[in-house]
$ cat query05.cif   # mmCIF, C-alpha atoms and all ligand atoms
data_work
#
loop_
_atom_site.label_atom_id
_atom_site.label_comp_id
_atom_site.auth_asym_id
_atom_site.auth_seq_id
_atom_site.Cartn_x
_atom_site.Cartn_y
_atom_site.Cartn_z
CA ARG A 1 -30.39 -57.12 23.73
CA THR A 2 -30.24 -57.60 19.98
CA GLN A 3 -32.47 -59.94 18.01
CA LEU A 4 -29.94 -61.10 15.40
CA LEU A 5 -32.22 -63.58 13.67
CA PRO A 6 -35.63 -65.09 14.48
CA GLY A 7 -35.22 -66.85 17.85
CA LEU A 8 -31.61 -65.73 18.33
CA VAL A 9 -31.18 -62.99 20.91
CA LEU A 10 -27.71 -61.67 21.78
CA TYR A 11 -26.98 -59.84 25.04
CA PRO A 12 -23.51 -58.37 24.36
CA GLY A 13 -21.52 -57.95 27.58
CA ARG A 14 -24.45 -59.21 29.68
CA LEU A 15 -22.02 -60.21 32.45
CA ALA A 16 -19.78 -57.47 33.85
CA ARG A 17 -16.14 -58.30 34.51
CA ASP A 18 -16.73 -58.87 38.25
CA GLU A 19 -19.62 -61.21 37.46
CA GLN A 20 -17.43 -63.13 34.99
CA VAL A 21 -14.74 -63.47 37.67
CA ALA A 22 -17.28 -64.70 40.23
CA LEU A 23 -18.78 -67.15 37.74
CA LEU A 24 -15.31 -68.41 36.83
CA THR A 25 -14.60 -69.14 40.51
CA GLU A 26 -17.79 -71.20 40.63
CA ILE A 27 -16.84 -73.04 37.44
CA ARG A 28 -13.43 -73.84 38.96
CA ALA A 29 -15.32 -75.54 41.81
CA VAL A 30 -17.40 -77.48 39.27
CA ILE A 31 -14.17 -78.63 37.56
CA ALA A 32 -12.73 -79.75 40.90
CA ALA A 33 -15.77 -81.99 41.46
CA ALA A 34 -16.22 -83.01 37.81
CA PRO A 35 -12.91 -82.90 35.90
CA PRO A 36 -13.06 -82.05 32.19
CA PHE A 37 -13.02 -85.14 29.95
CA THR A 38 -12.41 -85.50 26.22
CA PRO A 39 -15.52 -86.92 24.55
CA VAL A 40 -15.13 -89.11 21.46
CA MET A 41 -17.36 -89.35 18.42
CA PRO A 42 -19.93 -92.15 18.26
CA ARG A 43 -18.74 -95.24 16.28
CA THR A 44 -15.42 -93.74 15.11
CA GLY A 45 -14.02 -92.86 18.53
CA LYS A 46 -12.39 -89.72 17.10
CA PRO A 47 -11.72 -87.33 20.00
CA PHE A 48 -13.33 -83.89 20.16
CA SER A 49 -10.87 -80.97 20.21
CA VAL A 50 -13.05 -79.46 22.96
CA ALA A 51 -12.85 -80.83 26.53
CA MET A 52 -16.12 -80.91 28.48
CA THR A 53 -17.76 -81.28 31.83
CA ASN A 54 -21.25 -80.60 33.19
CA CYS A 55 -23.17 -79.46 36.20
CA GLY A 56 -26.84 -80.03 36.98
CA PRO A 57 -28.99 -83.14 37.42
CA LEU A 58 -28.08 -84.30 33.90
CA GLY A 59 -24.94 -83.92 31.80
CA TRP A 60 -24.23 -84.38 28.10
CA VAL A 61 -21.69 -87.05 27.16
CA SER A 62 -20.48 -88.64 23.93
CA ASP A 63 -18.67 -91.94 23.51
CA ARG A 64 -18.54 -94.77 20.97
CA ALA A 65 -22.08 -95.78 22.01
CA GLY A 66 -23.55 -92.37 21.13
CA TYR A 67 -24.58 -88.97 22.47
CA ARG A 68 -26.77 -88.84 25.56
CA TYR A 69 -27.57 -87.09 28.83
CA GLN A 70 -26.78 -88.98 32.02
CA PRO A 71 -26.75 -88.19 35.77
CA THR A 72 -23.12 -89.20 36.33
CA HIS A 73 -19.62 -88.30 35.14
CA PRO A 74 -18.38 -90.80 32.52
CA VAL A 75 -14.94 -91.18 34.15
CA THR A 76 -15.46 -90.74 37.91
CA GLY A 77 -19.00 -92.14 38.04
CA ALA A 78 -19.98 -89.35 40.47
CA ARG A 79 -23.16 -87.31 40.15
CA TRP A 80 -22.61 -83.92 38.47
CA PRO A 81 -22.29 -80.95 40.86
CA ALA A 82 -25.15 -78.45 41.13
CA ILE A 83 -25.60 -75.60 38.66
CA PRO A 84 -24.35 -72.39 40.33
CA GLU A 85 -27.22 -70.21 41.53
CA ARG A 86 -26.04 -67.23 39.46
CA LEU A 87 -26.58 -69.29 36.29
CA ILE A 88 -30.07 -70.31 37.42
CA ALA A 89 -30.76 -66.60 38.02
CA LEU A 90 -29.45 -65.76 34.54
CA TRP A 91 -31.77 -68.41 33.04
CA ARG A 92 -34.72 -66.89 34.93
CA ALA A 93 -33.79 -63.46 33.58
CA VAL A 94 -33.37 -64.32 29.91
CA ALA A 95 -34.84 -67.75 29.01
CA GLY A 96 -38.55 -66.91 29.17
CA TYR A 97 -39.17 -70.48 30.30
CA ALA A 98 -40.61 -71.33 33.71
CA ALA A 99 -38.91 -74.66 34.44
CA PRO A 100 -35.26 -74.44 35.56
CA PRO A 101 -32.35 -75.74 33.46
CA GLU A 102 -31.49 -79.42 34.00
CA ALA A 103 -28.06 -79.44 32.40
CA CYS A 104 -25.18 -77.01 32.07
CA LEU A 105 -22.61 -78.24 29.56
CA VAL A 106 -19.19 -76.63 30.06
CA ASN A 107 -16.96 -76.58 26.96
CA PHE A 108 -13.21 -75.82 27.19
CA TYR A 109 -11.48 -74.51 24.07
CA ASP A 110 -7.70 -74.29 23.86
CA PRO A 111 -6.48 -71.82 21.20
CA THR A 112 -6.62 -74.51 18.47
CA ALA A 113 -9.97 -76.09 19.37
CA LYS A 114 -13.08 -75.76 17.23
CA MET A 115 -16.54 -77.27 17.01
CA GLY A 116 -17.94 -78.38 13.66
CA LEU A 117 -21.39 -77.40 12.43
CA HIS A 118 -24.03 -79.46 14.28
CA GLN A 119 -27.55 -79.41 15.69
CA ASP A 120 -28.38 -79.96 19.36
CA ARG A 121 -31.14 -82.54 19.31
CA ASP A 122 -30.39 -84.91 22.16
CA GLU A 123 -32.96 -83.12 24.34
CA ALA A 124 -36.58 -84.24 24.60
CA ASP A 125 -37.84 -80.66 24.92
CA PHE A 126 -37.23 -78.32 21.97
CA ASP A 127 -39.70 -75.75 23.32
CA ALA A 128 -37.16 -74.59 25.87
CA PRO A 129 -34.37 -72.35 24.62
CA ILE A 130 -30.65 -72.95 25.10
CA VAL A 131 -28.80 -70.16 26.90
CA SER A 132 -25.08 -69.74 26.15
CA VAL A 133 -22.50 -67.83 28.22
CA SER A 134 -19.01 -67.12 26.84
CA LEU A 135 -15.93 -66.61 29.04
CA GLY A 136 -12.33 -65.86 28.00
CA ASP A 137 -11.05 -65.43 24.46
CA THR A 138 -13.46 -64.33 21.74
CA CYS A 139 -14.52 -66.99 19.23
CA ARG A 140 -15.89 -66.82 15.71
CA PHE A 141 -19.31 -68.45 16.06
CA ARG A 142 -21.13 -69.77 12.97
CA PHE A 143 -24.90 -70.06 12.72
CA GLY A 144 -27.08 -71.37 9.87
CA GLY A 145 -30.56 -72.74 9.31
CA THR A 146 -32.34 -75.96 10.18
CA ALA A 147 -30.93 -77.82 7.13
CA ARG A 148 -27.21 -78.52 6.90
CA GLY A 149 -26.89 -76.83 3.49
CA ASP A 150 -28.61 -73.60 4.53
CA PRO A 151 -26.52 -70.41 4.28
CA THR A 152 -24.59 -69.50 7.41
CA ARG A 153 -23.46 -66.29 9.04
CA SER A 154 -20.65 -65.85 11.51
CA PHE A 155 -20.23 -63.38 14.33
CA PRO A 156 -17.86 -63.00 17.26
CA LEU A 157 -18.80 -64.09 20.79
CA ALA A 158 -16.79 -62.33 23.49
CA SER A 159 -16.33 -62.87 27.21
CA GLY A 160 -19.51 -61.94 29.07
CA ASP A 161 -21.76 -62.30 26.04
CA VAL A 162 -25.00 -64.25 26.57
CA VAL A 163 -27.02 -65.72 23.70
CA VAL A 164 -30.52 -67.21 23.85
CA PHE A 165 -31.38 -69.71 21.09
CA GLY A 166 -35.09 -70.41 21.04
CA GLY A 167 -37.99 -70.77 18.65
CA PRO A 168 -36.81 -71.27 15.07
CA ALA A 169 -33.14 -70.90 16.15
CA ARG A 170 -33.35 -73.83 18.57
CA LEU A 171 -32.71 -76.47 15.88
CA ALA A 172 -30.36 -74.41 13.73
CA PHE A 173 -26.94 -75.71 12.72
CA HIS A 174 -24.12 -73.95 14.56
CA GLY A 175 -20.45 -74.30 15.43
CA VAL A 176 -17.26 -72.56 16.47
CA ASP A 177 -14.84 -71.82 13.59
CA ARG A 178 -11.94 -70.67 15.73
CA ILE A 179 -10.71 -69.08 18.90
CA LEU A 180 -9.03 -65.66 18.67
CA PRO A 181 -6.07 -66.05 21.06
CA GLY A 182 -5.11 -63.17 23.32
CA THR A 183 -8.47 -61.38 23.09
CA SER A 184 -9.31 -61.67 26.81
CA THR A 185 -7.41 -61.56 30.09
CA LEU A 186 -10.11 -63.41 32.07
CA LEU A 187 -8.49 -66.86 31.85
CA PRO A 188 -4.81 -66.79 32.86
CA GLU A 189 -4.28 -69.95 30.82
CA GLY A 190 -5.94 -68.42 27.73
CA GLY A 191 -8.59 -70.11 25.62
CA ARG A 192 -12.34 -70.00 25.98
CA ILE A 193 -15.02 -71.55 28.19
CA ASN A 194 -18.63 -71.79 26.98
CA LEU A 195 -21.52 -72.69 29.26
CA THR A 196 -24.86 -73.82 27.85
CA LEU A 197 -27.94 -74.07 30.04
CA ARG A 198 -30.47 -76.60 28.80
CA ARG A 199 -33.75 -78.33 29.48
CA VAL A 200 -33.41 -82.03 28.69
CA THR A 201 -36.66 -83.76 29.66
CA GLU A 202 -40.26 -83.08 28.68
CA PRO A 203 -41.99 -80.84 31.20
CA SER A 204 -44.32 -83.05 33.29
C1 LIG B 1 -27.85 -72.79 18.65
N1 LIG B 1 -21.46 -74.90 21.92
O1 LIG B 1 -22.28 -77.01 23.33
S1 LIG B 1 -22.66 -72.02 22.17
C2 LIG B 1 -22.75 -76.88 22.18
O2 LIG B 1 -19.49 -72.05 21.88
C3 LIG B 1 -22.29 -75.77 21.35
O3 LIG B 1 -19.24 -73.95 22.86
C4 LIG B 1 -20.87 -73.82 21.20
O4 LIG B 1 -22.66 -75.67 20.23
C5 LIG B 1 -19.80 -73.21 22.05
O5 LIG B 1 -23.60 -77.64 21.70
C6 LIG B 1 -21.87 -72.81 20.81
C7 LIG B 1 -24.06 -71.46 21.32
C8 LIG B 1 -25.11 -72.46 21.02
C9 LIG B 1 -25.33 -73.55 21.84
C10 LIG B 1 -26.38 -74.40 21.57
C11 LIG B 1 -27.23 -74.14 20.50
C12 LIG B 1 -25.92 -72.23 19.97
C13 LIG B 1 -26.99 -73.06 19.69
C14 LIG B 1 -28.34 -74.95 20.24
C15 LIG B 1 -29.19 -74.66 19.22
C16 LIG B 1 -28.94 -73.59 18.40
FE FE B 2 -24.36 -77.02 19.97
#

$ encode --input "query05.cif" --output "structure tokens" --more "lines below"
Ligand code: MD3
Ligand code: FE
Amino acid sequence: RTQLLPGLVLYPGRLARDEQVALLTEIRAVIAAAPPFTPVMPRTGKPFSVAMTNCGPLGWVSDRAGYRYQPTHPVTGARWPAIPERLIALWRAVAGYAAPPEACLVNFYDPTAKMGLHQDRDEADFDAPIVSVSLGDTCRFRFGGTARGDPTRSFPLASGDVVVFGGPARLAFHGVDRILPGTSTLLPEGGRINLTLRRVTEPS
């Protein structure tokens, strides 16, 4: 593990290839139950370039009404499928937070997709970290401070890398500049999948 910045801990290659393959099989089952949807920006309705789905009791959605967590899929109306046990185990191993994750947001990047600089602040609990798992092509990830104008750094995130964003990093601005096509053979279709494990509600 490498502490890159205060609160930002990188576990390069935390998942071996066979673990990535097993996790991918579980994510395929999540997709079958909860098909990826294209969220749109609040008010403007501009579509994201990233497709998304979720597993867990709550899932993150965005539409013209705003960003929020909800228990059901915005298109099918079904409850989100369960978070695979191997992701719960990963959370237990790296999050340093007793309560289990409530949401796992699954982001799908085609080779042209990107995610602009943003903060994740739709959760009621900022004490819990966010745990990120990358699968497939490497991306250039950008990470700054808690104010939009703060200086940023970028670093690659490769398949099997796990990052924990806690403490002062939890409310930092971050985004994905670009996908580096052809950098992984994990996904036959190419592109990148990112999973983020999150607490959403205040611990009771
Ligand atoms: C730092 N996802 O889903 S993962 C997101 O690669 C998101 O799909 C990116 O940003 C992706 O919101 C980045 C790394 C990440 C996730 C959440 C964070 C970094 C974070 C929350 C706070 C600080
Ligand atoms: Fe984010």

$ residues_around --input "query05.cif" --residues "range 62-70 of chain A" --least-positions-apart "3" --cutoff "6 Å" --atoms "only C-alpha atoms" --output "JSON, numbers by chain"
{"A": [39, 40, 41, 42, 43, 45, 58, 59]}

$ atom_distance --input "query05.cif" --atom1 "CA of Gln119 in chain A" --atom2 "CA of Leu5 in chain A"
16.6 Å

$ atom_distance --input "query05.cif" --atom1 "CA of Ala32 in chain A" --atom2 "CA of Leu15 in chain A"
23.2 Å

$ closest_residue --input "query05.cif" --among "A:Tyr97, A:Phe173, A:Trp91, A:Tyr109" --to "Gly144 in chain A" --atoms "only C-alpha atoms"
A:Phe173

$ residues_around --input "query05.cif" --residues "Gln20 in chain A" --least-positions-apart "4" --cutoff "8 Å" --atoms "all atoms listed in the file" --output "PyMOL selection string"
chain A and resi 15-16+24+135+159-160+186

$ closest_atom_pairs --input "query05.cif" --of "chain A" --to "ligand LIG 1 (chain B)" --cutoff "6 Å" --atoms "only C-alpha atoms and all ligand atoms" --output "tab-separated table"
residue	atom	partner	partner_atom	distance
A:Asn107	CA	B:LIG1	O3	5.4
A:Asp120	CA	B:LIG1	C14	5.1
A:Ile130	CA	B:LIG1	C10	5.7
A:Ser132	CA	B:LIG1	S1	5.2
A:Phe165	CA	B:LIG1	C1	5.3
A:Ala169	CA	B:LIG1	C16	5.5
A:Arg170	CA	B:LIG1	C15	4.3
A:Leu171	CA	B:LIG1	C15	5.2
A:Ala172	CA	B:LIG1	C16	4.9
A:His174	CA	B:LIG1	C1	5.7
A:Gly175	CA	B:LIG1	O4	5.5
A:Val176	CA	B:LIG1	O2	5.9
A:Asn194	CA	B:LIG1	O3	4.7

$ closest_residue --input "query05.cif" --among "A:Phe155, A:Glu123, A:Gly191, A:Cys55" --to "ligand FE 2 (chain B)" --atoms "only C-alpha atoms and all ligand atoms"
A:Glu123

$ decode --input "query05.cif" --residues "range 32-77 of chain A" --atoms "N, CA and C atoms" --output "PDB file, in the first residue's frame"
ATOM      1  N   ALA A  32     -26.905  -8.046 -15.426  1.00  0.00           N
ATOM      2  CA  ALA A  32     -28.076  -8.776 -15.924  1.00  0.00           C
ATOM      3  C   ALA A  32     -29.319  -8.404 -15.125  1.00  0.00           C
ATOM      4  N   ALA A  33     -29.153  -8.170 -13.833  1.00  0.00           N
ATOM      5  CA  ALA A  33     -30.291  -7.809 -12.970  1.00  0.00           C
ATOM      6  C   ALA A  33     -30.573  -6.310 -12.996  1.00  0.00           C
ATOM      7  N   ALA A  34     -29.551  -5.519 -13.242  1.00  0.00           N
ATOM      8  CA  ALA A  34     -29.660  -4.049 -13.183  1.00  0.00           C
ATOM      9  C   ALA A  34     -28.889  -3.476 -14.362  1.00  0.00           C
ATOM     10  N   PRO A  35     -29.521  -3.382 -15.545  1.00  0.00           N
ATOM     11  CA  PRO A  35     -28.795  -2.964 -16.745  1.00  0.00           C
ATOM     12  C   PRO A  35     -28.226  -1.555 -16.625  1.00  0.00           C
ATOM     13  N   PRO A  36     -27.029  -1.337 -17.182  1.00  0.00           N
ATOM     14  CA  PRO A  36     -26.444   0.000 -17.151  1.00  0.00           C
ATOM     15  C   PRO A  36     -27.390   1.017 -17.804  1.00  0.00           C
ATOM     16  N   PHE A  37     -27.456   2.193 -17.208  1.00  0.00           N
ATOM     17  CA  PHE A  37     -28.288   3.291 -17.732  1.00  0.00           C
ATOM     18  C   PHE A  37     -27.373   4.500 -17.928  1.00  0.00           C
ATOM     19  N   THR A  38     -27.818   5.436 -18.744  1.00  0.00           N
ATOM     20  CA  THR A  38     -27.039   6.662 -18.962  1.00  0.00           C
ATOM     21  C   THR A  38     -27.654   7.781 -18.147  1.00  0.00           C
ATOM     22  N   PRO A  39     -26.991   8.181 -17.061  1.00  0.00           N
ATOM     23  CA  PRO A  39     -27.559   9.280 -16.261  1.00  0.00           C
ATOM     24  C   PRO A  39     -27.465  10.603 -17.027  1.00  0.00           C
ATOM     25  N   VAL A  40     -28.320  11.540 -16.690  1.00  0.00           N
ATOM     26  CA  VAL A  40     -28.228  12.885 -17.277  1.00  0.00           C
ATOM     27  C   VAL A  40     -28.001  13.900 -16.168  1.00  0.00           C
ATOM     28  N   MET A  41     -27.428  15.027 -16.550  1.00  0.00           N
ATOM     29  CA  MET A  41     -27.114  16.078 -15.589  1.00  0.00           C
ATOM     30  C   MET A  41     -28.400  16.729 -15.067  1.00  0.00           C
ATOM     31  N   PRO A  42     -28.398  17.098 -13.786  1.00  0.00           N
ATOM     32  CA  PRO A  42     -29.535  17.847 -13.251  1.00  0.00           C
ATOM     33  C   PRO A  42     -29.786  19.118 -14.087  1.00  0.00           C
ATOM     34  N   ARG A  43     -31.060  19.505 -14.199  1.00  0.00           N
ATOM     35  CA  ARG A  43     -31.508  20.711 -14.919  1.00  0.00           C
ATOM     36  C   ARG A  43     -31.275  20.643 -16.419  1.00  0.00           C
ATOM     37  N   THR A  44     -29.982  20.459 -16.860  1.00  0.00           N
ATOM     38  CA  THR A  44     -29.706  20.540 -18.295  1.00  0.00           C
ATOM     39  C   THR A  44     -30.127  19.283 -19.055  1.00  0.00           C
ATOM     40  N   GLY A  45     -30.089  18.135 -18.385  1.00  0.00           N
ATOM     41  CA  GLY A  45     -30.391  16.884 -19.069  1.00  0.00           C
ATOM     42  C   GLY A  45     -29.281  16.387 -19.974  1.00  0.00           C
ATOM     43  N   LYS A  46     -28.108  17.010 -19.891  1.00  0.00           N
ATOM     44  CA  LYS A  46     -26.970  16.561 -20.720  1.00  0.00           C
ATOM     45  C   LYS A  46     -26.518  15.164 -20.259  1.00  0.00           C
ATOM     46  N   PRO A  47     -26.426  14.209 -21.193  1.00  0.00           N
ATOM     47  CA  PRO A  47     -26.054  12.856 -20.763  1.00  0.00           C
ATOM     48  C   PRO A  47     -24.597  12.752 -20.325  1.00  0.00           C
ATOM     49  N   PHE A  48     -24.353  11.898 -19.346  1.00  0.00           N
ATOM     50  CA  PHE A  48     -22.985  11.534 -18.953  1.00  0.00           C
ATOM     51  C   PHE A  48     -22.372  10.699 -20.086  1.00  0.00           C
ATOM     52  N   SER A  49     -21.043  10.738 -20.223  1.00  0.00           N
ATOM     53  CA  SER A  49     -20.403   9.830 -21.190  1.00  0.00           C
ATOM     54  C   SER A  49     -20.166   8.461 -20.558  1.00  0.00           C
ATOM     55  N   VAL A  50     -20.365   8.367 -19.251  1.00  0.00           N
ATOM     56  CA  VAL A  50     -20.173   7.120 -18.512  1.00  0.00           C
ATOM     57  C   VAL A  50     -21.558   6.500 -18.267  1.00  0.00           C
ATOM     58  N   ALA A  51     -21.708   5.213 -18.572  1.00  0.00           N
ATOM     59  CA  ALA A  51     -22.934   4.488 -18.203  1.00  0.00           C
ATOM     60  C   ALA A  51     -22.761   3.952 -16.789  1.00  0.00           C
ATOM     61  N   MET A  52     -23.871   3.748 -16.083  1.00  0.00           N
ATOM     62  CA  MET A  52     -23.781   3.352 -14.673  1.00  0.00           C
ATOM     63  C   MET A  52     -24.824   2.314 -14.303  1.00  0.00           C
ATOM     64  N   THR A  53     -24.514   1.554 -13.267  1.00  0.00           N
ATOM     65  CA  THR A  53     -25.521   0.809 -12.540  1.00  0.00           C
ATOM     66  C   THR A  53     -25.047   0.715 -11.093  1.00  0.00           C
ATOM     67  N   ASN A  54     -25.778   0.008 -10.251  1.00  0.00           N
ATOM     68  CA  ASN A  54     -25.428  -0.087  -8.839  1.00  0.00           C
ATOM     69  C   ASN A  54     -25.768  -1.474  -8.324  1.00  0.00           C
ATOM     70  N   CYS A  55     -25.142  -1.830  -7.203  1.00  0.00           N
ATOM     71  CA  CYS A  55     -25.645  -2.914  -6.384  1.00  0.00           C
ATOM     72  C   CYS A  55     -25.584  -2.447  -4.941  1.00  0.00           C
ATOM     73  N   GLY A  56     -26.342  -3.143  -4.085  1.00  0.00           N
ATOM     74  CA  GLY A  56     -26.428  -2.734  -2.679  1.00  0.00           C
ATOM     75  C   GLY A  56     -27.802  -2.181  -2.359  1.00  0.00           C
ATOM     76  N   PRO A  57     -28.071  -1.951  -1.089  1.00  0.00           N
ATOM     77  CA  PRO A  57     -29.394  -1.443  -0.677  1.00  0.00           C
ATOM     78  C   PRO A  57     -29.741  -0.093  -1.294  1.00  0.00           C
ATOM     79  N   LEU A  58     -28.728   0.707  -1.605  1.00  0.00           N
ATOM     80  CA  LEU A  58     -28.958   2.019  -2.210  1.00  0.00           C
ATOM     81  C   LEU A  58     -28.077   2.168  -3.447  1.00  0.00           C
ATOM     82  N   GLY A  59     -28.559   2.934  -4.415  1.00  0.00           N
ATOM     83  CA  GLY A  59     -27.775   3.184  -5.621  1.00  0.00           C
ATOM     84  C   GLY A  59     -27.820   4.657  -5.979  1.00  0.00           C
ATOM     85  N   TRP A  60     -26.716   5.133  -6.570  1.00  0.00           N
ATOM     86  CA  TRP A  60     -26.626   6.552  -6.950  1.00  0.00           C
ATOM     87  C   TRP A  60     -27.245   6.741  -8.330  1.00  0.00           C
ATOM     88  N   VAL A  61     -28.088   7.746  -8.463  1.00  0.00           N
ATOM     89  CA  VAL A  61     -28.685   8.082  -9.759  1.00  0.00           C
ATOM     90  C   VAL A  61     -28.622   9.591  -9.962  1.00  0.00           C
ATOM     91  N   SER A  62     -28.702   9.995 -11.237  1.00  0.00           N
ATOM     92  CA  SER A  62     -28.766  11.411 -11.578  1.00  0.00           C
ATOM     93  C   SER A  62     -29.772  11.572 -12.706  1.00  0.00           C
ATOM     94  N   ASP A  63     -30.681  12.525 -12.541  1.00  0.00           N
ATOM     95  CA  ASP A  63     -31.604  12.867 -13.619  1.00  0.00           C
ATOM     96  C   ASP A  63     -31.879  14.365 -13.521  1.00  0.00           C
ATOM     97  N   ARG A  64     -32.837  14.862 -14.313  1.00  0.00           N
ATOM     98  CA  ARG A  64     -33.085  16.300 -14.323  1.00  0.00           C
ATOM     99  C   ARG A  64     -33.443  16.846 -12.948  1.00  0.00           C
ATOM    100  N   ALA A  65     -33.977  15.984 -12.084  1.00  0.00           N
ATOM    101  CA  ALA A  65     -34.378  16.412 -10.734  1.00  0.00           C
ATOM    102  C   ALA A  65     -33.196  16.549  -9.787  1.00  0.00           C
ATOM    103  N   GLY A  66     -32.073  15.895 -10.094  1.00  0.00           N
ATOM    104  CA  GLY A  66     -30.900  16.014  -9.227  1.00  0.00           C
ATOM    105  C   GLY A  66     -30.180  14.690  -9.038  1.00  0.00           C
ATOM    106  N   TYR A  67     -29.158  14.739  -8.187  1.00  0.00           N
ATOM    107  CA  TYR A  67     -28.377  13.558  -7.788  1.00  0.00           C
ATOM    108  C   TYR A  67     -28.990  13.006  -6.515  1.00  0.00           C
ATOM    109  N   ARG A  68     -29.066  11.715  -6.382  1.00  0.00           N
ATOM    110  CA  ARG A  68     -29.539  11.134  -5.125  1.00  0.00           C
ATOM    111  C   ARG A  68     -29.230   9.643  -5.066  1.00  0.00           C
ATOM    112  N   TYR A  69     -29.372   9.069  -3.879  1.00  0.00           N
ATOM    113  CA  TYR A  69     -29.338   7.619  -3.705  1.00  0.00           C
ATOM    114  C   TYR A  69     -30.772   7.132  -3.559  1.00  0.00           C
ATOM    115  N   GLN A  70     -31.075   6.009  -4.190  1.00  0.00           N
ATOM    116  CA  GLN A  70     -32.418   5.444  -4.072  1.00  0.00           C
ATOM    117  C   GLN A  70     -32.342   3.916  -4.100  1.00  0.00           C
ATOM    118  N   PRO A  71     -33.356   3.239  -3.551  1.00  0.00           N
ATOM    119  CA  PRO A  71     -33.298   1.773  -3.447  1.00  0.00           C
ATOM    120  C   PRO A  71     -33.622   1.033  -4.737  1.00  0.00           C
ATOM    121  N   THR A  72     -34.068   1.745  -5.768  1.00  0.00           N
ATOM    122  CA  THR A  72     -34.512   1.072  -6.991  1.00  0.00           C
ATOM    123  C   THR A  72     -33.842   1.632  -8.248  1.00  0.00           C
ATOM    124  N   HIS A  73     -33.796   0.792  -9.266  1.00  0.00           N
ATOM    125  CA  HIS A  73     -33.243   1.148 -10.578  1.00  0.00           C
ATOM    126  C   HIS A  73     -34.153   2.182 -11.248  1.00  0.00           C
ATOM    127  N   PRO A  74     -33.572   3.241 -11.832  1.00  0.00           N
ATOM    128  CA  PRO A  74     -34.408   4.321 -12.368  1.00  0.00           C
ATOM    129  C   PRO A  74     -35.208   3.920 -13.612  1.00  0.00           C
ATOM    130  N   VAL A  75     -34.804   2.863 -14.296  1.00  0.00           N
ATOM    131  CA  VAL A  75     -35.503   2.437 -15.517  1.00  0.00           C
ATOM    132  C   VAL A  75     -36.417   1.244 -15.239  1.00  0.00           C
ATOM    133  N   THR A  76     -35.891   0.211 -14.590  1.00  0.00           N
ATOM    134  CA  THR A  76     -36.697  -1.005 -14.369  1.00  0.00           C
ATOM    135  C   THR A  76     -37.575  -0.893 -13.128  1.00  0.00           C
ATOM    136  N   GLY A  77     -37.225  -0.041 -12.201  1.00  0.00           N
ATOM    137  CA  GLY A  77     -37.965   0.082 -10.944  1.00  0.00           C
ATOM    138  C   GLY A  77     -37.662  -1.023  -9.940  1.00  0.00           C
TER     139      GLY A  77
END
